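Here's the structure we're looking at; comments come further down.
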Amino acid sequence: DRVIETFTATFKGDRISRSVHQLDLSDSQSAAYANFRRVVGILGSYNRGYNLGNVAVAMAALTDDAVFEGFGLCAAAPCTGKTAIQKEVERELADKMNTTVIRGGGGGVTGNTSTTRIEVRSDSIKAAGVERILVAQTVEVKGNKVSLVRWVPDASDPQTATYLKSV
């Protein structure tokens, strides 16, 4: 609902030369927000590399024993470790995959886990005769890296169901 923070401004003449915002972590809502920013920031490191098509940057955001499961090369069995996940990331990039977070689709951050509902578009999804699929995404972080990405396609969605029949 809200956060509590301390705002300190340093002035040089009539201009702010430095501003510092510090969350009050003794407040439970502020601490929850700080954790949300931490987890989303770690996931953002992976997404930045992915969105730039920079596989090395995306892989650097993963733990060595990271797991990706539920889609593409990792649908039948989870891909474990950076080498296996890199093959899936390269496949996705070649497929021109694009994901969009669905606002108001539920989810959030609890502890080290982010849950989100996403819309996925790609050439292979279009080739299956649909525009997009819907996926429930779970991401876990360990330390300052992503350790798990799990995708569960929403088979109750008609477009996703059509896609799932084709794979």
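Identifiers in the structure tokens: chain A, B, ... in order shown; residue index from 1 per chain; ligand index from 1 in order shown.
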
**OP:** Skip Thr6 in chain A itself and residues of its chain fewer than 4 positions away, then list as number ranges by chain all residues within 8 Å of it, counting only C-alpha atoms.
**Re:** A: 20-24

Subject >> For Gly107 in chain A: contacts at 12 Å, only C-alpha atoms, fewer than 4 positions along chain excluded, given as an MDAnalysis selection string >> reply: chainID A and resid 36 101:103 113:118 135:139

Original post:
Skipping near chain neighbours, those fewer than 6 positions away, what residues fall within 9 Å of range 150-165 of chain A using only C-alpha atoms, listed as a list in words?
Top reply: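 The neighbour list is Val67, Phe68, Glu69, Gly70, Phe71, Ala75, Pro78, Ile125, Lys126, Ala128, Gly129, Val130, Glu131, Arg132, Ile133, Leu134, Val135, Ala136, Gln137, Thr138, Val139 and Glu140 of chain A.
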
If you keep C-alpha atoms, can you produce a file of those selected residues as a PDB file, in the first residue's frame?
ATOM      1  CA  VAL A  67      17.085 -24.662 -14.371  1.00  0.00           C
ATOM      2  CA  PHE A  68      14.704 -23.690 -17.182  1.00  0.00           C
ATOM      3  CA  GLU A  69      11.613 -25.811 -17.649  1.00  0.00           C
ATOM      4  CA  GLY A  70       8.327 -25.951 -19.472  1.00  0.00           C
ATOM      5  CA  PHE A  71       8.978 -24.629 -22.968  1.00  0.00           C
ATOM      6  CA  ALA A  75       9.471 -28.677 -22.369  1.00  0.00           C
ATOM      7  CA  PRO A  78      14.092 -29.360 -17.667  1.00  0.00           C
ATOM      8  CA  ILE A 125       3.783 -19.655 -32.415  1.00  0.00           C
ATOM      9  CA  LYS A 126       2.451 -17.818 -35.488  1.00  0.00           C
ATOM     10  CA  ALA A 128       1.028 -22.890 -35.330  1.00  0.00           C
ATOM     11  CA  GLY A 129      -1.838 -20.629 -36.422  1.00  0.00           C
ATOM     12  CA  VAL A 130      -2.150 -18.375 -33.373  1.00  0.00           C
ATOM     13  CA  GLU A 131      -0.892 -14.894 -32.528  1.00  0.00           C
ATOM     14  CA  ARG A 132       0.292 -15.568 -28.995  1.00  0.00           C
ATOM     15  CA  ILE A 133       0.203 -17.951 -26.065  1.00  0.00           C
ATOM     16  CA  LEU A 134      -0.265 -17.269 -22.352  1.00  0.00           C
ATOM     17  CA  VAL A 135       2.193 -18.601 -19.793  1.00  0.00           C
ATOM     18  CA  ALA A 136       2.420 -18.575 -16.006  1.00  0.00           C
ATOM     19  CA  GLN A 137       6.072 -17.778 -15.271  1.00  0.00           C
ATOM     20  CA  THR A 138       7.822 -18.530 -12.004  1.00  0.00           C
ATOM     21  CA  VAL A 139      11.330 -17.218 -11.437  1.00  0.00           C
ATOM     22  CA  GLU A 140      13.474 -17.965  -8.402  1.00  0.00           C
TER      23      GLU A 140
END

**OP:** Would you list, as a PyMOL selection string, the residues of range 5-148 of chain A that end up in alpha helix (DSSP H) under DSSP run on this structure's backbone?
**Re:** chain A and resi 28-51+55-60+82-94+123-127

Subject >> Non-local contacts of Arg38 in chain A (9 Å; only C-alpha atoms; under 4 positions in same chain excluded) as a PyMOL selection string >> reply: chain A and resi 33-34+42-43+112+144

Residues just named, written with C-alpha atoms as a PDB file, in the first residue's frame:
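result-v4.pdb, freshly written:
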ATOM      1  CA  TYR A  33       8.945  -3.441  -1.525  1.00  0.00           C
ATOM      2  CA  ALA A  34      12.750  -3.490  -1.193  1.00  0.00           C
ATOM      3  CA  ILE A  42      17.893  -9.590 -10.798  1.00  0.00           C
ATOM      4  CA  LEU A  43      15.354 -10.845 -13.341  1.00  0.00           C
ATOM      5  CA  ASN A 112      13.026 -15.060  -3.636  1.00  0.00           C
ATOM      6  CA  ASN A 144      22.070 -12.059  -7.074  1.00  0.00           C
TER       7      ASN A 144
END

**OP:** Please return as an NGL selection string: the residues of chain A that backbone DSSP assigns to strand (DSSP E or B).
**Re:** :A and (5-12 or 15-23 or 62-69 or 79-80 or 98-101 or 108-110 or 113-121 or 133-142 or 145-153)

Original post:
Can you list, as number ranges by chain, every protein, DNA or RNA residue that comes within 7 Å of Leu62 in chain A when you count only C-alpha atoms, leaving out same-chain residues fewer than 5 positions away?
Top reply: A: 145-147

Just the residues within 12 Å of Ala56 in chain A, please, counting only C-alpha atoms, with nothing from its chain fewer than 2 positions along; format it as a JSON list (two decimals) with C-alpha atoms, in the first residue's frame.
[["chain", "number", "residue", "atom", "x", "y", "z"],
["A", 45, "SER", "CA", 19.53, -8.31, -15.64],
["A", 46, "TYR", "CA", 18.65, -11.51, -17.49],
["A", 47, "ASN", "CA", 15.92, -9.79, -19.53],
["A", 48, "ARG", "CA", 18.23, -6.94, -20.60],
["A", 49, "GLY", "CA", 20.72, -9.39, -22.10],
["A", 50, "TYR", "CA", 17.94, -11.40, -23.72],
["A", 51, "ASN", "CA", 16.17, -8.35, -25.16],
["A", 52, "LEU", "CA", 19.45, -7.09, -26.62],
["A", 53, "GLY", "CA", 20.08, -10.51, -28.17],
["A", 54, "ASN", "CA", 23.24, -10.73, -26.07],
["A", 58, "ALA", "CA", 21.74, -13.22, -20.30],
["A", 59, "MET", "CA", 23.80, -16.27, -19.25],
["A", 60, "ALA", "CA", 25.85, -14.17, -16.81],
["A", 61, "ALA", "CA", 22.63, -13.46, -14.90],
["A", 62, "LEU", "CA", 22.08, -17.19, -14.20],
["A", 82, "LYS", "CA", 24.00, -22.70, -18.44],
["A", 83, "THR", "CA", 25.07, -24.79, -21.45],
["A", 85, "ILE", "CA", 19.77, -23.18, -21.13],
["A", 86, "GLN", "CA", 21.95, -21.30, -23.63],
["A", 87, "LYS", "CA", 20.77, -23.63, -26.41],
["A", 89, "VAL", "CA", 17.88, -19.04, -25.37],
["A", 90, "GLU", "CA", 19.60, -19.16, -28.77]]

Original post:
Counting only C-alpha atoms, which of A:Asn98, A:Ser166, A:Thr80, A:Ser30 gets nearest to Ala127 in chain A?
Top reply: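 For Ala127 in chain A, the nearest of the given residues is A:Ser166.
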
Subject >> Which of A:Asp1, A:Val40, A:Arg15, A:Ser124 sits closest to Ser28 in chain A [using only C-alpha atoms] >> reply: A:Asp1

**OP:** In Å, rounded to a single decimal, give me how far CA of Gly111 in chain A is from CA of Asn35 in chain A.
**Re:**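 CA of Gly111 in chain A lies at a distance of 7.2 Å from CA of Asn35 in chain A.
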
Original post:
How many Å separate CA of Arg91 in chain A from CA of Gly44 in chain A?
Top reply: 20.2 Å

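The two atoms in question, CA of Thr8 in chain A and CA of Leu25 in chain A, are spaced 16.4 Å apart.
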
**OP:** With a distance cut-off of 9 Å and only C-alpha atoms, select the neighbouring residues of Ser19 in chain A, excluding the residue or stretch itself and same-chain residues fewer than 6 positions from it, and output the selection as a ChimeraX atom specification.
**Re:** /A:7-11

Residues just named, written with all heavy atoms as a JSON list (two decimals), in the first residue's frame:
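Full text of selection-v4.json as output:
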[["chain", "number", "residue", "atom", "x", "y", "z"],
["A", 7, "PHE", "N", 14.29, 10.85, 2.70],
["A", 7, "PHE", "CA", 14.80, 11.57, 1.53],
["A", 7, "PHE", "C", 15.74, 12.65, 2.04],
["A", 7, "PHE", "O", 15.35, 13.49, 2.86],
["A", 7, "PHE", "CB", 13.65, 12.18, 0.73],
["A", 7, "PHE", "CG", 14.10, 13.10, -0.36],
["A", 7, "PHE", "CD1", 14.71, 12.59, -1.50],
["A", 7, "PHE", "CD2", 13.90, 14.46, -0.28],
["A", 7, "PHE", "CE1", 15.13, 13.43, -2.52],
["A", 7, "PHE", "CE2", 14.30, 15.31, -1.29],
["A", 7, "PHE", "CZ", 14.91, 14.80, -2.42],
["A", 8, "THR", "N", 16.99, 12.60, 1.59],
["A", 8, "THR", "CA", 17.98, 13.61, 1.99],
["A", 8, "THR", "C", 18.48, 14.30, 0.73],
["A", 8, "THR", "O", 18.91, 13.64, -0.22],
["A", 8, "THR", "CB", 19.17, 12.95, 2.72],
["A", 8, "THR", "OG1", 18.66, 12.18, 3.81],
["A", 8, "THR", "CG2", 20.15, 14.00, 3.22],
["A", 9, "ALA", "N", 18.41, 15.62, 0.73],
["A", 9, "ALA", "CA", 18.88, 16.40, -0.41],
["A", 9, "ALA", "C", 20.04, 17.28, 0.02],
["A", 9, "ALA", "O", 20.02, 17.87, 1.10],
["A", 9, "ALA", "CB", 17.76, 17.27, -0.97],
["A", 10, "THR", "N", 21.05, 17.34, -0.82],
["A", 10, "THR", "CA", 22.20, 18.23, -0.61],
["A", 10, "THR", "C", 22.12, 19.31, -1.68],
["A", 10, "THR", "O", 21.91, 19.01, -2.85],
["A", 10, "THR", "CB", 23.52, 17.45, -0.73],
["A", 10, "THR", "OG1", 23.48, 16.34, 0.19],
["A", 10, "THR", "CG2", 24.71, 18.34, -0.43],
["A", 11, "PHE", "N", 22.29, 20.54, -1.26],
["A", 11, "PHE", "CA", 22.17, 21.67, -2.19],
["A", 11, "PHE", "C", 23.51, 22.32, -2.44],
["A", 11, "PHE", "O", 24.37, 22.37, -1.56],
["A", 11, "PHE", "CB", 21.22, 22.73, -1.61],
["A", 11, "PHE", "CG", 19.79, 22.30, -1.59],
["A", 11, "PHE", "CD1", 19.28, 21.56, -0.53],
["A", 11, "PHE", "CD2", 18.95, 22.63, -2.64],
["A", 11, "PHE", "CE1", 17.96, 21.16, -0.52],
["A", 11, "PHE", "CE2", 17.62, 22.23, -2.63],
["A", 11, "PHE", "CZ", 17.12, 21.50, -1.57]]
